[in-house]
Structures are given as structure tokens and as C-alpha cells.
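To be precise, the following lines are model-v8.pdb, and they hold PDB, C-alpha atoms.
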```pdb
ATOM      1  CA  MET A   1     136.847 106.355 148.034
ATOM      2  CA  ASN A   2     133.428 105.159 146.870
ATOM      3  CA  THR A   3     134.008 103.493 143.501
ATOM      4  CA  LYS A   4     130.289 102.894 142.915
ATOM      5  CA  GLU A   5     129.675 106.628 143.277
ATOM      6  CA  THR A   6     132.572 107.350 140.901
ATOM      7  CA  LEU A   7     131.026 104.964 138.365
ATOM      8  CA  LYS A   8     127.613 106.650 138.734
ATOM      9  CA  LYS A   9     129.172 110.094 138.169
ATOM     10  CA  MET A  10     131.095 108.704 135.200
ATOM     11  CA  GLU A  11     127.888 107.414 133.640
ATOM     12  CA  GLU A  12     126.284 110.850 134.020
ATOM     13  CA  ILE A  13     129.211 112.754 132.556
ATOM     14  CA  THR A  14     129.588 110.255 129.708
ATOM     15  CA  GLU A  15     125.906 110.724 128.830
ATOM     16  CA  LEU A  16     126.425 114.492 128.917
ATOM     17  CA  TYR A  17     129.418 114.362 126.574
ATOM     18  CA  VAL A  18     127.611 112.001 124.168
ATOM     19  CA  ARG A  19     124.404 114.076 124.216
ATOM     20  CA  GLU A  20     126.377 117.269 123.572
ATOM     21  CA  LEU A  21     127.786 115.801 120.347
ATOM     22  CA  ASP A  22     124.367 116.409 118.742
ATOM     23  CA  ARG A  23     125.011 120.164 118.991
ATOM     24  CA  TYR A  24     127.943 120.113 116.576
ATOM     25  CA  ASP A  25     128.734 119.306 112.988
ATOM     26  CA  MET A  26     132.147 117.962 112.004
ATOM     27  CA  GLU A  27     133.417 121.393 110.973
ATOM     28  CA  GLN A  28     132.670 122.707 114.450
ATOM     29  CA  LEU A  29     134.194 119.654 116.139
ATOM     30  CA  THR A  30     137.444 120.066 114.208
ATOM     31  CA  ARG A  31     137.725 123.884 114.321
ATOM     32  CA  LYS A  32     140.750 124.962 116.336
ATOM     33  CA  PRO A  33     140.623 128.324 118.134
ATOM     34  CA  SER A  34     144.287 128.828 117.221
ATOM     35  CA  GLU A  35     147.126 126.797 115.775
ATOM     36  CA  ASP A  36     148.434 125.770 119.185
ATOM     37  CA  GLU A  37     145.066 124.916 120.765
ATOM     38  CA  TRP A  38     142.938 121.806 120.434
ATOM     39  CA  SER A  39     139.605 121.588 118.716
ATOM     40  CA  LEU A  40     136.613 120.269 120.627
ATOM     41  CA  GLY A  41     136.996 116.964 118.791
ATOM     42  CA  GLN A  42     140.648 116.728 119.819
ATOM     43  CA  MET A  43     139.629 117.360 123.426
ATOM     44  CA  TYR A  44     137.152 114.459 123.194
ATOM     45  CA  MET A  45     139.874 112.257 121.656
ATOM     46  CA  HIS A  46     142.227 113.246 124.491
ATOM     47  CA  LEU A  47     139.700 112.172 127.137
ATOM     48  CA  ILE A  48     139.100 108.822 125.446
ATOM     49  CA  ARG A  49     142.766 108.060 124.795
ATOM     50  CA  ALA A  50     143.971 109.140 128.247
ATOM     51  CA  ALA A  51     141.357 106.919 129.874
ATOM     52  CA  LEU A  52     141.903 103.843 127.714
ATOM     53  CA  PHE A  53     145.652 103.990 127.148
ATOM     54  CA  MET A  54     146.907 105.423 130.436
ATOM     55  CA  GLN A  55     144.459 105.637 133.320
ATOM     56  CA  LEU A  56     142.492 102.398 132.890
ATOM     57  CA  ARG A  57     145.485 100.559 131.464
ATOM     58  CA  HIS A  58     147.181 101.000 134.847
ATOM     59  CA  VAL A  59     144.117  99.524 136.558
ATOM     60  CA  ASP A  60     144.230  96.537 134.170
ATOM     61  CA  THR A  61     147.941  96.041 134.882
ATOM     62  CA  PHE A  62     147.429  96.131 138.647
ATOM     63  CA  LYS A  63     144.490  93.723 138.321
ATOM     64  CA  ALA A  64     146.684  91.236 136.442
ATOM     65  CA  GLN A  65     149.474  91.613 139.015
ATOM     66  CA  SER A  66     147.054  91.011 141.887
ATOM     67  CA  GLU A  67     145.643  87.933 140.122
ATOM     68  CA  GLN A  68     149.177  86.543 139.636
ATOM     69  CA  ILE A  69     149.942  86.940 143.335
ATOM     70  CA  GLU A  70     146.610  85.409 144.300
ATOM     71  CA  ALA A  71     147.262  82.425 142.001
ATOM     72  CA  ALA A  72     150.771  82.028 143.396
ATOM     73  CA  ASN A  73     149.435  82.196 146.959
ATOM     74  CA  GLY A  74     146.896  79.512 146.104
ATOM     75  CA  GLU A  75     149.631  77.240 144.748
ATOM     76  CA  ALA A  76     151.775  77.879 147.815
ATOM     77  CA  GLY A  77     149.057  76.479 150.073
ATOM     78  CA  SER A  78     149.140  78.056 153.503
ATOM     79  CA  GLU A  79     152.301  80.020 152.741
ATOM     80  CA  SER A  80     151.637  83.635 151.900
ATOM     81  CA  LEU A  81     153.570  85.372 149.164
ATOM     82  CA  SER A  82     154.245  89.030 149.787
ATOM     83  CA  ARG A  83     155.650  91.645 147.468
ATOM     84  CA  GLY A  84     157.314  93.381 150.383
ATOM     85  CA  ASP A  85     156.863  96.644 148.515
ATOM     86  CA  THR A  86     155.369  99.815 149.815
ATOM     87  CA  PRO A  87     153.242 101.960 147.561
ATOM     88  CA  GLY A  88     154.856 104.992 145.969
ATOM     89  CA  GLU A  89     154.050 108.414 147.343
ATOM     90  CA  LYS A  90     151.665 111.009 146.000
ATOM     91  CA  THR A  91     152.914 114.530 145.458
ATOM     92  CA  GLU A  92     151.385 117.421 147.396
ATOM     93  CA  ALA A  93     149.329 118.190 144.291
ATOM     94  CA  GLY A  94     148.142 114.574 144.205
ATOM     95  CA  GLN A  95     147.178 114.660 147.867
ATOM     96  CA  ALA A  96     145.230 117.877 147.276
ATOM     97  CA  VAL A  97     143.406 116.442 144.249
ATOM     98  CA  PHE A  98     142.179 113.434 146.194
ATOM     99  CA  ALA A  99     141.313 115.501 149.268
ATOM    100  CA  GLN A 100     139.190 117.835 147.087
ATOM    101  CA  GLY A 101     137.902 115.130 144.759
ATOM    102  CA  SER A 102     138.703 117.205 141.680
ATOM    103  CA  LEU A 103     141.517 118.482 139.536
ATOM    104  CA  PRO A 104     142.518 122.110 140.070
ATOM    105  CA  PRO A 105     140.605 124.634 137.912
ATOM    106  CA  VAL A 106     143.663 125.703 135.945
ATOM    107  CA  ARG A 107     144.446 125.495 132.255
ATOM    108  CA  ILE A 108     147.231 123.080 131.505
ATOM    109  CA  ARG A 109     149.164 123.665 128.322
ATOM    110  CA  VAL A 110     151.658 121.240 126.923
ATOM    111  CA  PRO A 111     153.748 121.831 123.825
ATOM    112  CA  ALA A 112     152.366 120.235 120.688
ATOM    113  CA  SER A 113     153.952 116.881 119.998
ATOM    114  CA  PRO A 114     153.072 113.797 117.948
ATOM    115  CA  GLU A 115     152.891 111.646 121.072
ATOM    116  CA  TYR A 116     150.636 113.987 123.059
ATOM    117  CA  THR A 117     148.551 116.047 120.623
ATOM    118  CA  PRO A 118     145.378 114.077 119.893
ATOM    119  CA  PRO A 119     144.290 113.599 116.288
ATOM    120  CA  GLN A 120     141.160 115.170 114.897
ATOM    121  CA  PRO A 121     138.181 112.809 115.094
ATOM    122  CA  GLU A 122     136.967 111.027 111.990
ATOM    123  CA  SER A 123     133.284 111.203 112.976
ATOM    124  CA  LYS A 124     130.873 111.979 115.783
ATOM    125  CA  GLU A 125     130.177 108.242 115.944
ATOM    126  CA  GLN A 126     133.870 107.594 116.666
ATOM    127  CA  LEU A 127     133.692 109.982 119.621
ATOM    128  CA  ALA A 128     130.415 108.595 120.981
ATOM    129  CA  GLU A 129     131.700 105.025 120.668
ATOM    130  CA  GLY A 130     134.992 105.934 122.362
ATOM    131  CA  LEU A 131     133.186 107.566 125.288
ATOM    132  CA  ARG A 132     130.938 104.524 125.658
ATOM    133  CA  GLN A 133     133.950 102.208 125.473
ATOM    134  CA  VAL A 134     135.610 104.069 128.357
ATOM    135  CA  PHE A 135     132.462 103.794 130.471
ATOM    136  CA  SER A 136     132.056 100.115 129.593
ATOM    137  CA  LYS A 137     135.642  99.451 130.692
ATOM    138  CA  MET A 138     135.028 101.285 133.963
ATOM    139  CA  ARG A 139     131.844  99.275 134.571
ATOM    140  CA  GLU A 140     133.883  96.096 133.985
ATOM    141  CA  LEU A 141     136.678  97.148 136.371
ATOM    142  CA  GLU A 142     134.697  98.674 139.242
ATOM    143  CA  PRO A 143     133.650  95.367 140.883
ATOM    144  CA  VAL A 144     137.265  94.119 141.085
ATOM    145  CA  LEU A 145     138.895  97.288 142.416
ATOM    146  CA  ALA A 146     138.536  96.163 146.041
ATOM    147  CA  ASP A 147     140.523  93.002 145.199
ATOM    148  CA  ILE A 148     143.501  94.907 143.762
ATOM    149  CA  SER A 149     146.287  95.471 146.256
ATOM    150  CA  PRO A 150     147.025  99.157 146.934
ATOM    151  CA  VAL A 151     150.758  98.358 146.884
ATOM    152  CA  PHE A 152     150.564  98.457 143.097
ATOM    153  CA  THR A 153     151.084 102.036 142.003
ATOM    154  CA  ALA A 154     152.203 103.889 138.915
ATOM    155  CA  PRO A 155     153.386 107.473 138.692
ATOM    156  CA  HIS A 156     151.132 110.183 137.346
ATOM    157  CA  PRO A 157     153.124 113.061 135.777
ATOM    158  CA  ALA A 158     151.791 115.595 138.290
ATOM    159  CA  PHE A 159     150.224 113.662 141.166
ATOM    160  CA  GLY A 160     152.831 111.056 142.028
ATOM    161  CA  HIS A 161     152.096 107.376 142.539
ATOM    162  CA  LEU A 162     148.441 106.339 142.246
ATOM    163  CA  ASN A 163     146.882 102.970 142.991
ATOM    164  CA  ALA A 164     144.104 101.264 140.988
ATOM    165  CA  THR A 165     141.242 102.993 142.786
ATOM    166  CA  GLU A 166     142.905 106.392 142.357
ATOM    167  CA  TRP A 167     143.584 105.839 138.633
ATOM    168  CA  PHE A 168     139.934 104.799 138.297
ATOM    169  CA  ALA A 169     138.758 107.992 140.027
ATOM    170  CA  ILE A 170     141.078 110.195 137.951
ATOM    171  CA  VAL A 171     139.138 109.277 134.793
ATOM    172  CA  GLU A 172     135.950 110.927 136.066
ATOM    173  CA  MET A 173     137.874 113.885 137.531
ATOM    174  CA  HIS A 174     139.629 114.361 134.185
ATOM    175  CA  TYR A 175     136.325 114.363 132.263
ATOM    176  CA  ARG A 176     134.911 116.903 134.726
ATOM    177  CA  HIS A 177     138.061 119.046 134.478
ATOM    178  CA  HIS A 178     137.690 119.312 130.694
ATOM    179  CA  LEU A 179     134.128 120.646 130.976
ATOM    180  CA  ARG A 180     135.737 124.064 131.528
ATOM    181  CA  GLN A 181     137.664 123.724 128.267
ATOM    182  CA  LYS A 182     134.477 122.598 126.536
ATOM    183  CA  GLU A 183     132.672 125.718 127.814
ATOM    184  CA  ARG A 184     135.446 127.954 126.422
ATOM    185  CA  LEU A 185     135.322 126.182 123.056
ATOM    186  CA  ASP A 186     131.501 126.338 122.980
ATOM    187  CA  ALA A 187     131.662 130.101 123.561
ATOM    188  CA  LEU A 188     134.104 130.491 120.641
ATOM    189  CA  LEU A 189     131.930 128.347 118.375
ATOM    190  CA  MET A 190     128.892 130.531 119.176
ATOM    191  CA  GLN A 191     130.793 133.669 118.109
ATOM    192  CA  VAL A 192     131.293 132.389 114.567
TER     193      VAL A 192
END
```

Can the structure from this file be put into C-alpha cells for me?
Amino acid sequence: MNTKETLKKMEEITELYVRELDRYDMEQLTRKPSEDEWSLGQMYMHLIRAALFMQLRHVDTFKAQSEQIEAANGEAGSESLSRGDTPGEKTEAGQAVFAQGSLPPVRIRVPASPEYTPPQPESKEQLAEGLRQVFSKMRELEPVLADISPVFTAPHPAFGHLNATEWFAIVEMHYRHHLRQKERLDALLMQV
């Protein structure tokens, strides 16, 4: 997996999402198509929060774990410390996602809940800053991905265990996946 290419694609899609914010006012960004669907602003908040608080948080955790092992190995001199673990397995869906390089083009609906339903945005600036923060974090993490052991994995709800490089790649795939939702919401906004 080419992490530099993922970062380049992420920069392009981040710029697209930020540029597109100029098309909307706050009423449009917070208008929900129905009570059980997200507004465009909520979709943006979902992308930002999923990246910062789940996807990239896993990468940060694995980075810290790898650094601890490296420090311990350094203190042990010539002795090598080994976790002895094997990475968790991906599901068939996870294997397919990484083979295709994209999430499946299906709508995913989850029941509304306080822990999953994103809040409405407070401003366009909040959304633009959040998108830039995600990209900045990815730019910070990309150079160290090769140093993070692939034995560190965390389960994704649908794709099984992913390592740091896979969690990193999922961010860009997730942004791309939601372009379809954005197109649907744009079409509804144009009807009004």
C-alpha cells in the first residue's frame, strides 16, 4: 500500500470538501432530508470525528506501542523483545475493500444514537478547520507508518482487524465513500 499516494489523494479530497463548503449557507448545511437522515453538515462532522477519534487514533496508539517496544529493545541491548502476537484477521469484506481500494458503493444506515449521530456543525469554519486538522494529522503520521509493526491491529466493525497503514488508508476511502451521500444531499438541496 503506497501511503504517499494515499496522502496525496487525501489532500485532493480534503481540498474538494473544503472548497465545496463555499456553495452552502448554514441553513443548507444543517437541513436534514428527513428526521432519520443526516444533514450535509452532520456528514462532514462524521468524517472529521471518525478520522480523528477512531481511524487516526488507532494509528497513534500503534505508533506509541511500536515506540515502547523499540525503546525496550534499545535498553535490552542485543536482546530482542518480541510481542509474540500475530495480527488479527480481516473479514472477507475487509479483504475485498483493500483489494479494491475502496469501500463498497452501498448506503449504510445505523439507528440514531447519541454516541453515533454526529451533531450539527456550528459554522462552516468549524468544518473547514476540522477537515484541515484531519489532513494535518495524516501528514504528520505518514512518514512513521513504515516504522509501526503490522502486528498491532484493532478491529473495525465491518472489516475485521486493521493495522496502522490500513487504518490510515481507510480515512481516504471513507471520505471518498461519502461523496455519494454528498451528491444525494446536493440534489435534494437543489430541489428546494

Problem - Which of A:Tyr17, A:Phe152, A:Tyr175, A:Phe98 sits closest to A:Arg49 [using only C-alpha atoms] - result: A:Tyr175

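Take atom CA of A:Tyr116 and atom CA of A:Leu145: the distance between them is 28.1 Å.
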
Residues within 9 Å of (140.1, 104.0, 128.0), file coords, all atoms listed in the file, listed as an mmCIF file with C-alpha atoms, in the coordinates of the input:
```cif
data_model
loop_
_atom_site.group_PDB
_atom_site.id
_atom_site.type_symbol
_atom_site.label_atom_id
_atom_site.label_comp_id
_atom_site.auth_asym_id
_atom_site.auth_seq_id
_atom_site.Cartn_x
_atom_site.Cartn_y
_atom_site.Cartn_z
ATOM 1 C CA LEU A 47 139.700 112.172 127.137
ATOM 2 C CA ILE A 48 139.100 108.822 125.446
ATOM 3 C CA ARG A 49 142.766 108.060 124.795
ATOM 4 C CA ALA A 50 143.971 109.140 128.247
ATOM 5 C CA ALA A 51 141.357 106.919 129.874
ATOM 6 C CA LEU A 52 141.903 103.843 127.714
ATOM 7 C CA PHE A 53 145.652 103.990 127.148
ATOM 8 C CA MET A 54 146.907 105.423 130.436
ATOM 9 C CA GLN A 55 144.459 105.637 133.320
ATOM 10 C CA LEU A 56 142.492 102.398 132.890
ATOM 11 C CA ARG A 57 145.485 100.559 131.464
ATOM 12 C CA GLY A 130 134.992 105.934 122.362
ATOM 13 C CA LEU A 131 133.186 107.566 125.288
ATOM 14 C CA GLN A 133 133.950 102.208 125.473
ATOM 15 C CA VAL A 134 135.610 104.069 128.357
ATOM 16 C CA PHE A 135 132.462 103.794 130.471
ATOM 17 C CA LYS A 137 135.642 99.451 130.692
ATOM 18 C CA MET A 138 135.028 101.285 133.963
ATOM 19 C CA VAL A 171 139.138 109.277 134.793
#
```

Practice task
Might you pull out every residue within 12 Å of A:Arg23, with all atoms listed in the file counted and same-chain residues fewer than 6 positions away left off, and present them as a VMD selection string?
Solution key: chain A and resid 16 to 17 29 40 124 186 189 to 190

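Evaluated against the shown file, the PyMOL selection byres ((chain A and resi 26) around 12) gives A:Leu21, A:Asp22, A:Arg23, A:Tyr24, A:Asp25, A:Glu27, A:Gln28, A:Leu29, A:Thr30, A:Arg31, A:Lys32, A:Ser39, A:Leu40, A:Gly41, A:Gln42, A:Gln120, A:Pro121, A:Glu122, A:Ser123, A:Lys124, A:Glu125, A:Gln126, A:Leu127.
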
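Between atom CA of A:His177 and atom CA of A:His58 the interatomic distance comes to 20.2 Å.
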